[in-house]
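K.L.:
Just passing along the structure, written as structure tokens.
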Amino acid sequence: MSTRDTGPILDFLGITRWKPREEARPGRGETAGAKEPDASETGEGVPAPIGPAGEGDVRELDWESLAERVAACVRCPLCQGRTQTVFGSGPRHPEWFFVGEAPGAEEDRQGLPFVGRAGQLLTSMIAAMGLERANVYISNVLKCRPPGNRDPAPNEIAACRPYLERQINLLQPRVLVVLGRIAAQSLLATETPISRLRGAVHNYGPERIPLIVTYHPAYLLRNPIAKRESWRDLKLALATFGERT
Ligand code: URA
């Protein structure tokens with residue numbers, strides 16, 4: 001860790017890296033303080049599930065069958081507005097699993113998690129940890145985009161929960177990094193505020209997979225000052241990973 005290039009950490013924290021003139025790269029855009037486009041509506045008024053759960057228990061599906069089940073899911077009304085489901089991205093045997101909230105507009109369009117502006121910041125968080133995005137698994141609590149990118153509603157989270165649980169169960173990551181209040185409260189089945197969930201190592205499931213909570217990258221885009229706290233969380237995750245290897 002100490003011999004590692006600190007550049008990606010400075011990049012994540014938004015600290016300018018001064019370079020000799022001839023090396024200076026033009027056009028590093030400053031994204032701090034920007035707002036994600038449409039994460040503001042509330043989750044009220046969502047009707048009841050509209051379709052069957054599908055054949056067989058999700059807890060018994062293999063990876064391919066699980067992906068197919070998600071792609072065809074009609075367990076909640078979000079299926080009506082989606083372009084496509086967003087299952088997740090990453091290797092089949094990841095050491096790290098990052099869990100977000102729900103796809104946004106760009107994710108819905110591409111069918112991949114965290115490919116919008118919040119995704120760029122997540123990539124920078126992962127790089128600051130000395131990891132490569134291609135080597136970690138990334139998914140969300142919800143596999144469909146809530147309209148207007150509003151917060152997921154409780155019945156949507158409940159309908160989608162078995163999918164994420166099965167993903168974690170099949171992937172068996174060494175550490176879970178959970179991004180934001182909604183994902184944290186959902187995975188830990190608690191209403192405890194994120195302020196009290198951060199800074200501790202939780203355990204998930206029967207295997208007691210270490211779970212660390214940090215801020216959602218979209219929140220960090222709006223509140224760049226919180227990146228320093230988030231970096232502490234990510235260091236806790238790295239230390240926890242180190243203890244387990
Ligand atoms: N926000 C999320 O929580 N997940 C995504 O995939 C994109 C934005």
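If you're wondering about the labels, chains in the structure tokens are A, B, ... by order shown, residues count from 1 in each chain, ligands from 1 in order shown.
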Going by DSSP on the backbone, which bits of stretch 41-177 of chain A are strand (DSSP E or B)? Write them as a count of residues only, please.
P.N.:
13
K.L.:
Please extract the residues at most 6 Å from ligand 1, counting only C-alpha atoms and all ligand atoms, and provide them as an NGL selection string, using the chain letters and residue numbers of this document.
P.N.:
:A and (100-104 or 107 or 113-114 or 118 or 140)
K.L.:
Where does stretch 50-161 of chain A meet stretch 221-228 of chain A within 12 Å, residue by residue, with the nearest atom pair and distance in Å to one decimal for each, counting only C-alpha atoms, listed by chain and rising number, as CSV?
P.N.:
residue,atom,partner,partner_atom,distance
A:Gly116,CA,A:Leu221,CA,11.8
A:Arg117,CA,A:Leu221,CA,8.4
A:Ala118,CA,A:Leu221,CA,7.2
A:Gly119,CA,A:Leu221,CA,10.5
A:Gln120,CA,A:Leu221,CA,10.2
A:Leu121,CA,A:Leu221,CA,7.8
A:Leu122,CA,A:Leu221,CA,10.3
A:Ser124,CA,A:Lys227,CA,11.3
A:Met125,CA,A:Lys227,CA,9.3
A:Ala128,CA,A:Lys227,CA,11.5
K.L.:
Output N, CA, C and O atoms for every residue in the selection just made, as a PDB file, in the first residue's frame.
P.N.:
ATOM      1  N   GLY A 116     -22.835   5.865 -15.849  1.00  0.00           N
ATOM      2  CA  GLY A 116     -23.064   7.304 -15.962  1.00  0.00           C
ATOM      3  C   GLY A 116     -22.024   8.068 -15.148  1.00  0.00           C
ATOM      4  O   GLY A 116     -20.928   7.564 -14.878  1.00  0.00           O
ATOM      5  N   ARG A 117     -22.375   9.263 -14.743  1.00  0.00           N
ATOM      6  CA  ARG A 117     -21.405  10.112 -14.020  1.00  0.00           C
ATOM      7  C   ARG A 117     -21.057   9.530 -12.660  1.00  0.00           C
ATOM      8  O   ARG A 117     -19.915   9.572 -12.226  1.00  0.00           O
ATOM      9  N   ALA A 118     -22.062   8.987 -11.968  1.00  0.00           N
ATOM     10  CA  ALA A 118     -21.767   8.339 -10.679  1.00  0.00           C
ATOM     11  C   ALA A 118     -20.840   7.146 -10.913  1.00  0.00           C
ATOM     12  O   ALA A 118     -19.973   6.846 -10.086  1.00  0.00           O
ATOM     13  N   GLY A 119     -21.014   6.496 -12.040  1.00  0.00           N
ATOM     14  CA  GLY A 119     -20.165   5.360 -12.382  1.00  0.00           C
ATOM     15  C   GLY A 119     -18.716   5.766 -12.599  1.00  0.00           C
ATOM     16  O   GLY A 119     -17.791   5.049 -12.226  1.00  0.00           O
ATOM     17  N   GLN A 120     -18.533   6.945 -13.202  1.00  0.00           N
ATOM     18  CA  GLN A 120     -17.156   7.424 -13.385  1.00  0.00           C
ATOM     19  C   GLN A 120     -16.491   7.630 -12.038  1.00  0.00           C
ATOM     20  O   GLN A 120     -15.322   7.313 -11.838  1.00  0.00           O
ATOM     21  N   LEU A 121     -17.263   8.174 -11.093  1.00  0.00           N
ATOM     22  CA  LEU A 121     -16.684   8.382  -9.764  1.00  0.00           C
ATOM     23  C   LEU A 121     -16.446   7.036  -9.071  1.00  0.00           C
ATOM     24  O   LEU A 121     -15.438   6.859  -8.380  1.00  0.00           O
ATOM     25  N   LEU A 122     -17.356   6.088  -9.253  1.00  0.00           N
ATOM     26  CA  LEU A 122     -17.126   4.762  -8.662  1.00  0.00           C
ATOM     27  C   LEU A 122     -15.840   4.152  -9.223  1.00  0.00           C
ATOM     28  O   LEU A 122     -15.040   3.571  -8.479  1.00  0.00           O
ATOM     29  N   SER A 124     -13.286   5.720 -10.183  1.00  0.00           N
ATOM     30  CA  SER A 124     -12.181   6.427  -9.539  1.00  0.00           C
ATOM     31  C   SER A 124     -11.984   5.961  -8.087  1.00  0.00           C
ATOM     32  O   SER A 124     -10.854   5.847  -7.598  1.00  0.00           O
ATOM     33  N   MET A 125     -13.089   5.641  -7.397  1.00  0.00           N
ATOM     34  CA  MET A 125     -12.983   5.092  -6.029  1.00  0.00           C
ATOM     35  C   MET A 125     -12.261   3.745  -6.061  1.00  0.00           C
ATOM     36  O   MET A 125     -11.398   3.447  -5.223  1.00  0.00           O
ATOM     37  N   ALA A 128      -8.644   4.250  -6.716  1.00  0.00           N
ATOM     38  CA  ALA A 128      -7.967   4.765  -5.519  1.00  0.00           C
ATOM     39  C   ALA A 128      -7.630   3.619  -4.559  1.00  0.00           C
ATOM     40  O   ALA A 128      -6.641   3.673  -3.829  1.00  0.00           O
TER      41      ALA A 128
END
K.L.:
Set the distance at 10 Å and use only C-alpha atoms: which residues neighbour A:Glu95 once local chain neighbours fewer than 6 positions away are removed? I'd like the list as a PyMOL selection string.
P.N.:
chain A and resi 135-137+171-176+241
K.L.:
Write out, as a CSV table (one decimal), in the first residue's frame, the residues just selected, with N, CA and C atoms.
P.N.:
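In the end it all went to result_10.csv:
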chain,number,residue,atom,x,y,z
A,135,ASN,N,-11.9,-6.1,-12.5
A,135,ASN,CA,-11.7,-7.3,-11.6
A,135,ASN,C,-12.7,-7.3,-10.5
A,136,VAL,N,-13.6,-6.3,-10.3
A,136,VAL,CA,-14.5,-6.4,-9.2
A,136,VAL,C,-15.9,-6.6,-9.8
A,137,TYR,N,-16.8,-7.1,-9.0
A,137,TYR,CA,-18.2,-7.3,-9.4
A,137,TYR,C,-19.0,-6.0,-9.0
A,171,LEU,N,-21.5,-15.8,-6.0
A,171,LEU,CA,-20.2,-15.2,-6.2
A,171,LEU,C,-19.2,-15.4,-5.0
A,172,GLN,N,-19.8,-15.4,-3.8
A,172,GLN,CA,-19.0,-15.5,-2.6
A,172,GLN,C,-17.8,-14.5,-2.6
A,173,PRO,N,-18.0,-13.2,-2.7
A,173,PRO,CA,-16.9,-12.3,-2.7
A,173,PRO,C,-16.2,-12.3,-1.3
A,174,ARG,N,-15.0,-11.8,-1.3
A,174,ARG,CA,-14.3,-11.7,0.0
A,174,ARG,C,-14.8,-10.6,0.8
A,175,VAL,N,-15.1,-9.5,0.1
A,175,VAL,CA,-15.6,-8.3,0.8
A,175,VAL,C,-16.8,-7.6,0.0
A,176,LEU,N,-17.8,-7.1,0.7
A,176,LEU,CA,-18.9,-6.4,0.1
A,176,LEU,C,-18.7,-4.9,0.4
A,241,PHE,N,-10.1,-6.6,4.0
A,241,PHE,CA,-9.7,-7.5,3.0
A,241,PHE,C,-8.3,-8.1,3.4
K.L.:
For A:Phe97, find every residue with an atom within 12 Å (counting only C-alpha atoms), except residues of its own chain fewer than 4 positions away, and show them as a PyMOL selection string.
P.N.:
chain A and resi 88-93+126+131+133-140+164+167-179+209-213+237+241
K.L.:
Write a file of the selected residues as a compact mmCIF listing (two decimals), in the first residue's frame, keeping N, CA, C and O atoms.
P.N.:
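Contents of out17.txt, as written:
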# COMPACT_ATOMS: atom_id res chain seq x y z
N GLY A 88 -25.57 -6.88 -13.74
CA GLY A 88 -24.32 -6.62 -13.03
C GLY A 88 -23.18 -6.76 -14.01
O GLY A 88 -23.38 -7.16 -15.16
N SER A 89 -21.97 -6.43 -13.55
CA SER A 89 -20.80 -6.61 -14.42
C SER A 89 -19.63 -7.05 -13.56
O SER A 89 -19.52 -6.66 -12.39
N GLY A 90 -18.76 -7.85 -14.17
CA GLY A 90 -17.57 -8.29 -13.45
C GLY A 90 -17.32 -9.76 -13.62
O GLY A 90 -18.11 -10.47 -14.26
N PRO A 91 -16.23 -10.22 -13.01
CA PRO A 91 -15.84 -11.62 -13.16
C PRO A 91 -16.73 -12.56 -12.34
O PRO A 91 -17.43 -12.12 -11.43
N ARG A 92 -16.67 -13.84 -12.64
CA ARG A 92 -17.48 -14.84 -11.94
C ARG A 92 -16.88 -15.21 -10.57
O ARG A 92 -17.56 -15.80 -9.74
N HIS A 93 -15.62 -14.88 -10.36
CA HIS A 93 -15.03 -15.19 -9.05
C HIS A 93 -14.34 -13.94 -8.49
O HIS A 93 -13.12 -13.92 -8.31
N ILE A 126 -12.64 2.93 -7.03
CA ILE A 126 -12.04 1.59 -7.15
C ILE A 126 -10.55 1.72 -7.47
O ILE A 126 -9.72 1.02 -6.90
N LEU A 131 -7.44 -1.10 -7.11
CA LEU A 131 -8.12 -2.20 -7.79
C LEU A 131 -8.46 -1.79 -9.21
O LEU A 131 -8.47 -0.61 -9.54
N ARG A 133 -11.43 -1.87 -12.06
CA ARG A 133 -12.87 -2.05 -12.16
C ARG A 133 -13.23 -3.38 -12.83
O ARG A 133 -14.18 -4.04 -12.44
N ALA A 134 -12.44 -3.77 -13.82
CA ALA A 134 -12.75 -5.01 -14.55
C ALA A 134 -12.63 -6.24 -13.65
O ALA A 134 -13.16 -7.30 -13.97
N ASN A 135 -11.94 -6.10 -12.52
CA ASN A 135 -11.72 -7.26 -11.64
C ASN A 135 -12.68 -7.32 -10.45
O ASN A 135 -12.55 -8.19 -9.60
N VAL A 136 -13.59 -6.34 -10.34
CA VAL A 136 -14.54 -6.37 -9.23
C VAL A 136 -15.94 -6.59 -9.80
O VAL A 136 -16.20 -6.26 -10.96
N TYR A 137 -16.83 -7.11 -8.97
CA TYR A 137 -18.20 -7.27 -9.42
C TYR A 137 -19.00 -6.04 -8.97
O TYR A 137 -18.81 -5.55 -7.85
N ILE A 138 -19.89 -5.58 -9.84
CA ILE A 138 -20.71 -4.40 -9.54
C ILE A 138 -22.16 -4.72 -9.88
O ILE A 138 -22.45 -5.20 -10.98
N SER A 139 -23.04 -4.49 -8.93
CA SER A 139 -24.46 -4.65 -9.22
C SER A 139 -25.26 -3.69 -8.33
O SER A 139 -24.68 -2.85 -7.64
N ASN A 140 -26.55 -3.85 -8.37
CA ASN A 140 -27.44 -2.95 -7.63
C ASN A 140 -28.49 -3.73 -6.88
O ASN A 140 -28.79 -4.88 -7.22
N LEU A 164 -30.31 -10.23 -5.80
CA LEU A 164 -29.01 -9.80 -5.26
C LEU A 164 -28.50 -10.83 -4.25
O LEU A 164 -27.31 -11.16 -4.22
N GLN A 167 -27.02 -13.58 -6.17
CA GLN A 167 -25.74 -13.17 -6.78
C GLN A 167 -24.61 -13.25 -5.75
O GLN A 167 -23.54 -13.80 -6.03
N ILE A 168 -24.87 -12.73 -4.57
CA ILE A 168 -23.83 -12.74 -3.53
C ILE A 168 -23.51 -14.18 -3.14
O ILE A 168 -22.35 -14.58 -3.00
N ASN A 169 -24.57 -14.96 -3.01
CA ASN A 169 -24.40 -16.35 -2.60
C ASN A 169 -23.58 -17.15 -3.62
O ASN A 169 -22.73 -17.96 -3.26
N LEU A 170 -23.82 -16.90 -4.89
CA LEU A 170 -23.08 -17.64 -5.93
C LEU A 170 -21.65 -17.11 -6.10
O LEU A 170 -20.73 -17.86 -6.36
N LEU A 171 -21.48 -15.80 -5.96
CA LEU A 171 -20.16 -15.21 -6.20
C LEU A 171 -19.23 -15.37 -5.01
O LEU A 171 -18.02 -15.46 -5.17
N GLN A 172 -19.80 -15.36 -3.81
CA GLN A 172 -19.00 -15.47 -2.58
C GLN A 172 -17.77 -14.55 -2.59
O GLN A 172 -16.62 -15.00 -2.50
N PRO A 173 -18.01 -13.23 -2.71
CA PRO A 173 -16.87 -12.30 -2.67
C PRO A 173 -16.21 -12.30 -1.29
O PRO A 173 -16.82 -12.71 -0.31
N ARG A 174 -14.98 -11.82 -1.25
CA ARG A 174 -14.29 -11.74 0.05
C ARG A 174 -14.81 -10.56 0.85
O ARG A 174 -14.85 -10.61 2.08
N VAL A 175 -15.15 -9.46 0.15
CA VAL A 175 -15.64 -8.26 0.83
C VAL A 175 -16.76 -7.64 -0.01
O VAL A 175 -16.69 -7.61 -1.23
N LEU A 176 -17.78 -7.14 0.70
CA LEU A 176 -18.86 -6.38 0.06
C LEU A 176 -18.67 -4.91 0.41
O LEU A 176 -18.52 -4.56 1.59
N VAL A 177 -18.69 -4.05 -0.61
CA VAL A 177 -18.68 -2.60 -0.36
C VAL A 177 -20.04 -2.08 -0.81
O VAL A 177 -20.42 -2.22 -1.97
N VAL A 178 -20.76 -1.51 0.12
CA VAL A 178 -22.15 -1.14 -0.12
C VAL A 178 -22.25 0.38 -0.20
O VAL A 178 -21.79 1.10 0.69
N LEU A 179 -22.86 0.84 -1.30
CA LEU A 179 -22.82 2.27 -1.65
C LEU A 179 -24.15 2.94 -1.33
O LEU A 179 -25.15 2.72 -2.03
N ILE A 209 -19.89 -12.67 5.34
CA ILE A 209 -19.00 -11.92 4.44
C ILE A 209 -18.86 -10.50 4.98
O ILE A 209 -19.87 -9.83 5.25
N PRO A 210 -17.63 -10.01 5.17
CA PRO A 210 -17.46 -8.66 5.69
C PRO A 210 -18.10 -7.63 4.75
O PRO A 210 -17.96 -7.73 3.52
N LEU A 211 -18.81 -6.70 5.33
CA LEU A 211 -19.57 -5.71 4.56
C LEU A 211 -19.25 -4.32 5.10
O LEU A 211 -19.39 -4.07 6.29
N ILE A 212 -18.78 -3.46 4.21
CA ILE A 212 -18.43 -2.08 4.60
C ILE A 212 -19.34 -1.12 3.85
O ILE A 212 -19.55 -1.27 2.64
N VAL A 213 -19.84 -0.15 4.56
CA VAL A 213 -20.78 0.84 3.99
C VAL A 213 -20.03 2.15 3.73
O VAL A 213 -19.27 2.61 4.57
N ALA A 237 -12.24 -0.99 4.24
CA ALA A 237 -12.52 -2.16 3.41
C ALA A 237 -11.22 -2.86 3.00
O ALA A 237 -11.12 -4.09 3.06
N PHE A 241 -10.06 -6.57 4.02
CA PHE A 241 -9.67 -7.54 3.00
C PHE A 241 -8.29 -8.13 3.36
O PHE A 241 -8.09 -9.34 3.28
K.L.:
Looking at only C-alpha atoms, which of A:Glu165, A:Glu229, A:Glu243, A:Ala200 is the one that sits closest to A:Leu61?
P.N.:
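Ranking A:Glu165, A:Glu229, A:Glu243, A:Ala200 by distance to A:Leu61, first place goes to A:Glu165.
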K.L.:
I need the residue nearest A:Arg232 from this list: A:Gly199, A:Pro152, A:Gly111, A:Gly180. Use only C-alpha atoms for the distance.
P.N.:
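Ranking A:Gly199, A:Pro152, A:Gly111, A:Gly180 by distance to A:Arg232, first place goes to A:Gly199.
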K.L.:
Under the rule that only C-alpha atoms are counted, which of A:Val70, A:Trp63, A:Arg145, A:Gly56 is the nearest residue to A:Thr83?
P.N.:
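Of all the options, A:Arg145 lies closest to A:Thr83.
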K.L.:
Atom CA of A:Phe12 and atom CA of A:Arg244, how far apart in Å?
P.N.:
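Computed distance, atom CA of A:Arg244 to atom CA of A:Phe12, equals 25.4 Å.
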